[in-house]
$ cat target.txt   # compact mmCIF, C-alpha atoms
# COMPACT_ATOMS: atom_id res chain seq x y z
CA MET A 1 -1.56 -8.67 5.80
CA GLU A 2 -3.62 -11.78 5.27
CA PHE A 3 -1.52 -13.00 2.34
CA TYR A 4 -0.43 -16.22 4.01
CA ARG A 5 -4.01 -17.34 4.58
CA TYR A 6 -4.87 -17.10 0.88
CA ARG A 7 -1.59 -18.19 -0.62
CA ASN A 8 -1.70 -20.57 -3.56
CA GLY A 9 1.54 -22.42 -4.23
CA ILE A 10 0.71 -23.53 -7.77
CA VAL A 11 -0.24 -20.03 -8.92
CA ALA A 12 2.72 -18.55 -7.06
CA GLN A 13 5.10 -20.95 -8.77
CA ASN A 14 3.81 -19.95 -12.19
CA LEU A 15 3.95 -16.24 -11.37
CA ARG A 16 7.54 -16.53 -10.14
CA GLN A 17 8.50 -17.30 -13.72
CA ILE A 18 7.27 -13.81 -14.61
CA TYR A 19 8.51 -11.96 -11.53
CA GLY A 20 11.78 -13.77 -11.04
CA PRO A 21 13.29 -15.40 -7.99
CA ASP A 22 13.95 -12.14 -6.13
CA THR A 23 10.28 -11.30 -5.57
CA MET A 24 8.05 -13.01 -3.04
CA VAL A 25 4.84 -14.21 -4.69
CA PHE A 26 1.89 -15.58 -2.72
CA GLY A 27 -0.27 -16.39 -5.73
CA LEU A 28 -3.33 -14.44 -4.64
CA ASN A 29 -5.93 -13.67 -7.26
CA LEU A 30 -7.68 -10.33 -7.70
CA PRO A 31 -10.90 -11.23 -5.82
CA GLN A 32 -8.77 -12.27 -2.84
CA LEU A 33 -6.82 -9.01 -2.99
CA SER A 34 -10.09 -7.09 -3.17
CA GLU A 35 -11.40 -8.96 -0.14
CA ILE A 36 -8.28 -8.19 1.89
CA ALA A 37 -8.35 -4.54 0.82
CA ALA A 38 -11.97 -4.23 1.92
CA LEU A 39 -10.89 -5.16 5.44
CA HIS A 40 -8.55 -2.15 5.50
CA GLY A 41 -10.58 0.42 3.57
CA LYS A 42 -9.01 3.41 1.86
CA ASP A 43 -5.80 4.33 3.62
CA LYS A 44 -3.20 6.56 1.97
CA GLU A 45 -0.40 5.80 4.42
CA LEU A 46 -0.90 2.02 4.20
CA GLY A 47 -1.12 2.18 0.40
CA LYS A 48 2.04 4.27 0.07
CA LYS A 49 3.92 1.97 2.44
CA LEU A 50 2.86 -1.15 0.51
CA TRP A 51 3.82 0.43 -2.83
CA GLU A 52 7.18 1.73 -1.65
CA GLU A 53 8.33 -1.26 0.42
CA TYR A 54 7.41 -3.78 -2.28
CA LYS A 55 8.33 -7.04 -0.59
CA SER A 56 5.89 -9.10 -2.62
CA ARG A 57 3.83 -8.99 -5.79
CA GLU A 58 0.75 -8.66 -3.65
CA ASP A 59 2.08 -5.61 -1.77
CA ARG A 60 2.07 -3.53 -4.91
CA LEU A 61 -1.30 -4.77 -6.12
CA ILE A 62 -3.16 -4.33 -2.85
CA ALA A 63 -1.70 -0.83 -2.50
CA LEU A 64 -3.73 0.09 -5.57
CA TYR A 65 -6.94 -1.01 -3.86
CA VAL A 66 -6.37 0.98 -0.66
CA LEU A 67 -4.89 4.22 -2.03
CA PRO A 68 -7.60 6.92 -2.16
CA PRO A 69 -7.42 8.63 -5.60
CA ASP A 70 -8.73 11.94 -4.30
CA GLU A 71 -5.87 12.24 -1.78
CA LEU A 72 -2.97 11.76 -4.23
CA ASP A 73 -1.32 14.71 -5.88
CA LYS A 74 0.08 14.57 -9.38
CA ASP A 75 3.71 14.31 -8.26
CA GLU A 76 2.96 11.28 -6.06
CA VAL A 77 1.17 9.57 -8.94
CA LYS A 78 3.92 10.37 -11.44
CA SER A 79 6.45 8.86 -9.06
CA MET A 80 4.37 5.69 -8.87
CA ILE A 81 4.13 5.52 -12.66
CA GLU A 82 7.89 5.91 -13.01
CA ASP A 83 8.32 3.03 -10.54
CA ILE A 84 6.10 0.51 -12.37
CA ARG A 85 8.07 -2.71 -12.68
CA ASN A 86 5.93 -4.91 -14.93
CA ASN A 87 2.81 -5.02 -17.07
CA GLU A 88 0.58 -6.43 -14.33
CA GLN A 89 1.38 -3.44 -12.13
CA ALA A 90 0.82 -1.10 -15.10
CA GLU A 91 -2.62 -2.56 -15.86
CA MET A 92 -3.71 -2.56 -12.25
CA LEU A 93 -2.42 0.96 -11.61
CA ALA A 94 -4.37 2.27 -14.59
CA PHE A 95 -7.55 0.35 -13.77
CA ARG A 96 -7.65 0.55 -9.96
CA LEU A 97 -6.24 4.03 -9.44
CA LEU A 98 -5.30 6.29 -12.35
CA ARG A 99 -8.65 6.35 -14.10
CA HIS A 100 -10.30 7.51 -10.86
CA LEU A 101 -8.04 10.54 -10.41
CA PRO A 102 -9.82 13.88 -10.79
CA TYR A 103 -6.99 14.93 -13.14
CA ALA A 104 -6.71 11.62 -15.04
CA HIS A 105 -7.20 13.14 -18.51
CA ASP A 106 -4.61 15.86 -17.89
CA LEU A 107 -2.18 13.28 -16.54
CA TYR A 108 -2.67 11.10 -19.61
CA GLU A 109 -2.05 14.04 -21.96
CA GLU A 110 1.09 15.03 -20.06
CA LEU A 111 2.52 11.51 -19.89
CA THR A 112 1.96 10.76 -23.57
CA LYS A 113 4.42 13.59 -24.27
CA THR A 114 7.05 12.22 -21.88
CA ASP A 115 9.96 10.46 -23.57
CA ASN A 116 11.88 8.98 -20.64
CA LEU A 117 9.37 6.42 -19.33
CA SER A 118 10.30 2.77 -19.00
CA PRO A 119 8.45 0.29 -21.23
CA ALA A 120 6.30 -0.83 -18.27
CA ALA A 121 5.45 2.79 -17.37
CA ARG A 122 4.66 3.56 -21.02
CA TYR A 123 2.32 0.55 -21.04
CA GLY A 124 0.63 1.97 -17.93
CA VAL A 125 -0.02 5.23 -19.78
CA VAL A 126 -1.49 3.30 -22.71
CA MET A 127 -3.72 1.36 -20.31
CA LEU A 128 -4.83 4.61 -18.67
CA GLY A 129 -5.88 5.88 -22.08
CA LYS A 130 -7.85 2.70 -22.72
CA ASN A 131 -9.53 2.95 -19.33
CA LEU A 132 -10.48 6.55 -20.10
CA GLY A 133 -11.89 5.53 -23.48
CA LEU A 134 -9.23 7.40 -25.43
$ encode --input "target.txt" --output "structure tokens"
Amino acid sequence: MEFYRYRNGIVAQNLRQIYGPDTMVFGLNLPQLSEIAALHGKDKELGKKLWEEYKSREDRLIALYVLPPDELDKDEVKSMIEDIRNNEQAEMLAFRLLRHLPYAHDLYEELTKTDNLSPAARYGVVMLGKNLGL
């Protein structure tokens, strides 16, 4: 990916306080992520690989730009929701992907009744509801 070209040390340093020392952070902002994603288009395999491998903050976020909502089944999406690690991922997942799912309302209804979600995943469900106007 083009992360090194856009990297911003000052932003990355501040974000590391949120993400911790174990996560690589390049400090890219959302317009830069959008620009990089546009170079790759919608690509389910690339998106899944970026989400699952999770070597950097930007991996997870750009995955949400390239994953095609109409190609993801409910089980794949639920697995992603269960794997949300922080509020930024939760917000971006809801805004960039979940609200565009053809079954977004049903998913929201189902997840609001689920008790075993992490706080970050629960926040993602709340953000989905907000993005759906609920």
$ atom_distance --input "target.txt" --atom1 "atom CA of Glu76 of chain A" --atom2 "atom CA of Lys130 of chain A"
21.6 Å
$ residues_around --input "target.txt" --residues "segment 97-108 of chain A" --least-positions-apart "5" --cutoff "9 Å" --atoms "only C-alpha atoms" --output "PyMOL selection string"
chain A and resi 64-65+67-70+72+74+77-78+92+113+125-126+128-129+131-132
$ residues_near_point --input "target.txt" --point "(-10.7, -5.6, -4.3)" --cutoff "10 Å" --atoms "only C-alpha atoms" --output "list in words"
Asn29, Leu30, Pro31, Gln32, Leu33, Ser34, Glu35, Ile36, Ala37, Ala38, Leu39, Gly41, Leu61, Ile62, Leu64, Tyr65, Val66 and Arg96 of chain A
$ atom_distance --input "target.txt" --atom1 "atom CA of Pro119 of chain A" --atom2 "atom CA of Ala90 of chain A"
9.9 Å
$ closest_residue --input "target.txt" --among "A:Glu52, A:Gly27, A:Leu46, A:Ala121" --to "Gln89 of chain A" --atoms "only C-alpha atoms"
A:Ala121
$ atom_distance --input "target.txt" --atom1 "atom CA of Asp59 of chain A" --atom2 "atom CA of Leu111 of chain A"
24.9 Å
